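Have a look at the structure below before the remarks.
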Amino acid sequence: MKTKTLLCTILIIVLTGVVLAFSNSISAELSTQFNPTAAKYVPGEVLVKFKPHATAQIRLATVASQRHSVLANLNQPGWVHLKIGAGQSVDQALAAYQNDPSVEYVQPNYIYHLAAVPNDTQYGQLWAFKNTGQTISNAITQPPLSPVYSMNNPGTPGFDINIEKAWDHITDCSSVVVAVVDSGVNYNQEDLAGNMWNGGSTYPNHGYNFVNNNNDPMDLTGHGTHVAGIIGAAGNNAKGTTGVCWKASIMAVRVGDTSGPTTANIIQGINFAVTHGAKVINMSFGSSVFDQGFSDAITTAQSADVILVVSAGNEEANNDNVTTPTYPCNFPQPNLICVAALDQNFQLAGFSNYGSTSVDIGAPGTNILSAWAGTEGLITDSLTSGWTFSTTTSGGWVNKTLSVNGIPIPFLVDPGTYPTGQYNNNTDDRAYKSFNLAGVNVALLQAGVAINVMSGDYFRIGYSSGGGDPFVGGIIDGVTGVATYPILIPVAGDISDCISANCSIGFQLQSNSSLTDLGVAITGFSIETLTLNATSYNTINGTSMASPEVAGLATMLRAHNPQYTYADVVNSIKQGGRAVASLAGKTTTGKAIDVMSSLAYINPPTGLTATVK
Amino acid sequence: MKYGMVYFIGLAVALAGAAMVSACSHTPGNPETAPKDALSRQTRVPGDYLVTLAEGADVKVIADLYGRFGIKGTKDLGHNIFLVTLTEDPGPAKMEELRGEDARVKAVQPNFVYRFNGSGNPQ
């Protein structure tokens with residue numbers, strides 16, 4: 001037994017030695033990478049520490065013998081700051097003092113620099129990168145689909161992702177392609193134009209548009225542009241914001257518009273990204289429905305060593321709960337990281353989903369400033385004047401003020417007796433008005449509509465870029481973008497086909513000879529517009545904004561460690577994270593991301609074997 | 001661009017409530033025309049299905065199985081998955097039932113709709 005025990009001990013020591021030797025080699029390598037390798041020091045100067053027994057005369061004599069002079073005493077026992085003689089190098093001075101018996105230590109006068117801070121004009125607003133307790137301008141006043149929650153603006157200094165120290169080591173992630181699978185990207189935006197993926201002549205616009213099946217993934221909502229800016233807005237260019245990566249290679253993959261992405265587009269988007277070399281994919285969207293096709297695409301990405309970073313969702317839900325899952329967050333593949341949102345006080349954001357088994361980590365997601373696709377506008381109409389009415393019977397549409405919860409609100413109604421009367425049989429009632437949409441790129445119609453029409457009767461919304469009655473000519477459904485109840489208004493209400501100086505928008509109530517009902521009431525009419533430009537920024541909320549911070553980190557890790565697999569990246573992000581009280585029991589790690597710690601984290605060696613003879 | 005939808009839906013629901021109360025006291029409203037149904041967010045694209053074929057199966061099986069609903073279009077998404085757009089939507093249950101009758105079709109599912117997880121101030 002003794003012999004066996006001793007043998008085991010020897011074996012353990014030998015193996016430990018092997019592992020330590022391996023670890024040391026990794027440490028040395030990393031140490032080299034992290035050192036300011038361009039050993040920056042002041043030419044012609046050295047710092048010397050004399051031994052305690054060296055008297056003042058000995059010190060002066062020593063310095064004089066080298067033809068050096070004292071610049072300063074450093075108020076630290078034994079240390080002096082010396083100017084070396086003309087024609088001497090620092091190396092020569094170091095060698096001379098190292099051999100002097102009165103000298104304990106000598107070194108160059110190193111030059112230190114502050115942690116890298118970019119000069120971007122709005123950097124001070126990026127609390128996620130440097131939380132100084134600053135107040136964020138244009139903070140979100142309207143929470144997402146959730147009750148009012150504490151804004152924590154300003155927050156607590158230090159509650160950030162600890163990125164400035166990391167920027168001392170790497171700011172350029174452009175060796176790794178990161179795909180933004182989203183609403184597209186405004187690739188002309190001033191902070192993104194130089195950081196887009198080079199798709200060659202086949203993809204000259206830096207990606208693909210699966211919504212319209214063409215190679216122009218221009219963002220017409222702003223969401224994808226914002227996400228892209230968080231990952232890789234150009235840093236230190238004296239403009240706007242900076243991303244996690246100052247230099248990046250962002251692939252724009254457009255899979256959705258205002259009405260959201262679909263499974264078909266997402267699958268194609270992921271496959272496109274993987275096929276064209278992306279190693280990190282960000283997806284800031286979700287749904288409550290399990291989706292096998294989507295899951296399979298993630299598995300395909302896994303086999304290509306691609307990491308996917310996704311948002312946890314904005315429903316304040318526990319994703320672990322079988323009744324409130326969120327996908328893709330809840331998919332189990334190991335190449336997927338799901339991210340919750342933190343506020344400026346590192347509290348779980350009031351809207352953020354969470355889950356101790358489904359959500360991995362937290363990152364800032366409130367009041368996040370980033371690039372935007374353009375300028376948004378809002379055309380409102382009080383519905384009190386300027387509308388043209390027609391009817392084939394009598395009555396028809398009228399302007400009317402109704403009381404909603406005791407508040408008088410103007411409406412367009414048909415019939416005029418709404419909501420107590422009924423509309424006519426065999427009638428064709430129309431109301432329309434022209435709006436100037438010239439120069440905008442996107443137009444989104446919104447209105448509150450209450451509809452009570454009988455089967456066989458129709459309420460329609462129509463528009464025509466040529467002005468006049470949009471229902472004239474008989475081309476109604478589909479052709480001019482008219483929706484017919486019960487399909488009714490698309491949720492997005494995109495009327496961009498109508499963009500012109502004379503866009504006529506109309507409503508029609510058409511009935512047959514059978515029964516009638518209460519009719520239709522319309523209020524809250526507005527047209528949201530977006531005009532693309534290269535200089536817009538916006539501050540918004542969401543786990544959508546937390547996810548790209550992690551995607552940026554994943555990209556940075558892969559750029560810094562080209563040999564890293566997706567598993568190494570995921571491990572570095574999780575292990576390097578910072579414990580946050582509000583995430584305890586709310587995520588698998590209980591941590592927020594910490595960029596510097598993840599960058600410095602050394603993954604344990606794998607595949608190590610030792611032969612014992 | 002999509003943030004005003006909260007207001008849109010909110011108003012519609014409020015109005016729907018008012019109208020429905022009124023409808024109950026006057027004329028029976030047509031259940032098919034409940035505004036809430038029309039305005040609620042769709043979780044899938046009506047008539048769209050993702051059909052995954054078994055290894056080696058001919059794409060014409062899609063027409064064989066689902067042609068009765070009128071095929072408006074078919075798009076190859078890669079990996080043996082096809083986006084099929086039908087004129088008449090039989091619903092996911094019927095699509096799945098038919099899939100079970102033909103081994104050449106490995107899977108069928110709706111084309112789900114996702115939502116972006118960002119939100120901000122109306123501009």
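Residue numbering restarts at 1 in every chain; chains get A, B, ... in the order shown in the structure tokens, and ligands count up from 1 in that same order.
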- [ ] Please identify all polymer residues within 10 Å of B:Leu65, counting only C-alpha atoms, omitting same-chain residues fewer than 4 positions from it, and present them as a PyMOL selection string.
- [x] chain B and resi 60-61+69+95+98-99+101-102+104-105
Write a file of the selected residues as a compact mmCIF listing (two decimals), in the first residue's frame, keeping N, CA and C atoms.
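Below you can see out_35.txt, which holds the result:
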```txt
# COMPACT_ATOMS: atom_id res chain seq x y z
N LYS B 60 -41.95 18.02 -55.15
CA LYS B 60 -43.35 17.98 -55.62
C LYS B 60 -44.29 17.38 -54.58
N VAL B 61 -43.72 16.76 -53.58
CA VAL B 61 -44.56 16.22 -52.51
C VAL B 61 -45.34 17.35 -51.82
N PHE B 69 -54.92 23.37 -50.93
CA PHE B 69 -55.18 24.67 -50.31
C PHE B 69 -54.72 25.83 -51.20
N MET B 95 -52.33 21.00 -41.12
CA MET B 95 -51.06 20.82 -41.83
C MET B 95 -50.26 19.67 -41.22
N LEU B 98 -51.84 16.25 -42.06
CA LEU B 98 -51.50 15.79 -43.41
C LEU B 98 -50.05 15.34 -43.49
N ARG B 99 -49.18 16.03 -42.78
CA ARG B 99 -47.77 15.62 -42.76
C ARG B 99 -47.64 14.17 -42.28
N GLU B 101 -49.37 11.81 -42.82
CA GLU B 101 -49.81 10.84 -43.82
C GLU B 101 -48.75 10.58 -44.88
N ASP B 102 -47.66 11.30 -44.85
CA ASP B 102 -46.66 11.14 -45.91
C ASP B 102 -45.26 11.25 -45.31
N ARG B 104 -42.53 11.42 -46.66
CA ARG B 104 -41.59 12.27 -47.40
C ARG B 104 -41.49 13.67 -46.78
N VAL B 105 -42.48 14.02 -45.98
CA VAL B 105 -42.43 15.31 -45.28
C VAL B 105 -42.01 15.05 -43.84
```
- [ ] Using only C-alpha atoms, find which residues of chain A lie within 7 Å of chain B and jot them down as a ChimeraX atom specification.
- [x] /A:140-142,144,221,223,258,260-264,268,284-287,313-314,376-377,419-420,446-455,486-488,491,517-518,528,539-545
Kindly save the residues from that selection, with C-alpha atoms included, as a PDB file, in the first residue's frame.
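Result file is result_25.pdb:
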```pdb
ATOM      1  CA  ILE A 140     -36.638  57.050 -21.729  1.00  0.00           C
ATOM      2  CA  THR A 141     -39.876  58.356 -20.345  1.00  0.00           C
ATOM      3  CA  GLN A 142     -42.106  55.767 -21.895  1.00  0.00           C
ATOM      4  CA  PRO A 144     -41.916  49.419 -23.068  1.00  0.00           C
ATOM      5  CA  THR A 221     -36.755  51.324 -38.414  1.00  0.00           C
ATOM      6  CA  HIS A 223     -33.499  49.097 -34.288  1.00  0.00           C
ATOM      7  CA  THR A 258     -41.777  47.144 -38.315  1.00  0.00           C
ATOM      8  CA  GLY A 260     -40.991  41.870 -36.865  1.00  0.00           C
ATOM      9  CA  PRO A 261     -38.891  39.004 -38.196  1.00  0.00           C
ATOM     10  CA  THR A 262     -40.349  35.688 -39.296  1.00  0.00           C
ATOM     11  CA  THR A 263     -38.981  32.185 -38.898  1.00  0.00           C
ATOM     12  CA  ALA A 264     -38.310  31.871 -42.618  1.00  0.00           C
ATOM     13  CA  GLN A 268     -32.126  32.313 -44.035  1.00  0.00           C
ATOM     14  CA  SER A 284     -32.372  41.060 -30.388  1.00  0.00           C
ATOM     15  CA  PHE A 285     -35.866  39.669 -30.781  1.00  0.00           C
ATOM     16  CA  GLY A 286     -38.076  36.987 -29.347  1.00  0.00           C
ATOM     17  CA  SER A 287     -41.341  35.120 -29.252  1.00  0.00           C
ATOM     18  CA  GLY A 313     -37.185  39.687 -23.779  1.00  0.00           C
ATOM     19  CA  ASN A 314     -39.031  42.723 -22.438  1.00  0.00           C
ATOM     20  CA  GLU A 376     -38.284  60.397 -37.153  1.00  0.00           C
ATOM     21  CA  GLY A 377     -41.292  62.577 -37.697  1.00  0.00           C
ATOM     22  CA  PRO A 419     -72.339  54.253 -31.409  1.00  0.00           C
ATOM     23  CA  THR A 420     -76.111  54.185 -30.983  1.00  0.00           C
ATOM     24  CA  GLN A 446     -51.491  54.476 -37.094  1.00  0.00           C
ATOM     25  CA  ALA A 447     -55.023  54.935 -35.875  1.00  0.00           C
ATOM     26  CA  GLY A 448     -57.346  53.688 -33.217  1.00  0.00           C
ATOM     27  CA  VAL A 449     -60.210  51.938 -34.953  1.00  0.00           C
ATOM     28  CA  ALA A 450     -63.347  50.386 -33.529  1.00  0.00           C
ATOM     29  CA  ILE A 451     -65.200  48.308 -36.062  1.00  0.00           C
ATOM     30  CA  ASN A 452     -68.612  46.743 -35.878  1.00  0.00           C
ATOM     31  CA  VAL A 453     -69.648  45.595 -39.321  1.00  0.00           C
ATOM     32  CA  MET A 454     -71.682  42.553 -40.268  1.00  0.00           C
ATOM     33  CA  SER A 455     -70.339  39.656 -42.269  1.00  0.00           C
ATOM     34  CA  PRO A 486     -61.267  40.938 -40.979  1.00  0.00           C
ATOM     35  CA  ILE A 487     -57.653  40.987 -42.195  1.00  0.00           C
ATOM     36  CA  LEU A 488     -57.915  44.705 -41.615  1.00  0.00           C
ATOM     37  CA  VAL A 491     -50.063  45.685 -37.385  1.00  0.00           C
ATOM     38  CA  ASP A 517     -74.289  46.994 -37.372  1.00  0.00           C
ATOM     39  CA  LEU A 518     -72.980  49.938 -35.373  1.00  0.00           C
ATOM     40  CA  GLU A 528     -44.929  58.147 -38.337  1.00  0.00           C
ATOM     41  CA  THR A 539     -31.521  56.643 -26.666  1.00  0.00           C
ATOM     42  CA  ILE A 540     -33.703  53.590 -26.131  1.00  0.00           C
ATOM     43  CA  ASN A 541     -34.397  50.751 -23.717  1.00  0.00           C
ATOM     44  CA  GLY A 542     -34.521  47.011 -24.047  1.00  0.00           C
ATOM     45  CA  THR A 543     -32.844  43.683 -23.688  1.00  0.00           C
ATOM     46  CA  SER A 544     -32.240  44.356 -27.377  1.00  0.00           C
ATOM     47  CA  MET A 545     -29.618  46.829 -26.217  1.00  0.00           C
TER      48      MET A 545
END
```
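Coordinates place atom CA of A:Tyr105 at a distance of 13.1 Å from atom CA of A:Gln76.
Every residue of stretch 381-432 of chain A found in strand (DSSP E or B) when DSSP is run on the backbone appears here: Thr388, Phe389, Ser390, Val398, Asn399, Lys400, Thr401, Leu402, Ser403, Val404, Ile407, Pro408, Ile409, Pro410, Phe411, Leu412, Val413, Asp414, Asp428, Asp429, Arg430, Ala431 and Tyr432 of chain A.
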Task: Spatial neighbours of B:Ala103, max dist 12 Å, only C-alpha atoms, sep filter under 6 positions, as a PyMOL selection string - done: chain B and resi 52-58+61-62+65+96-97
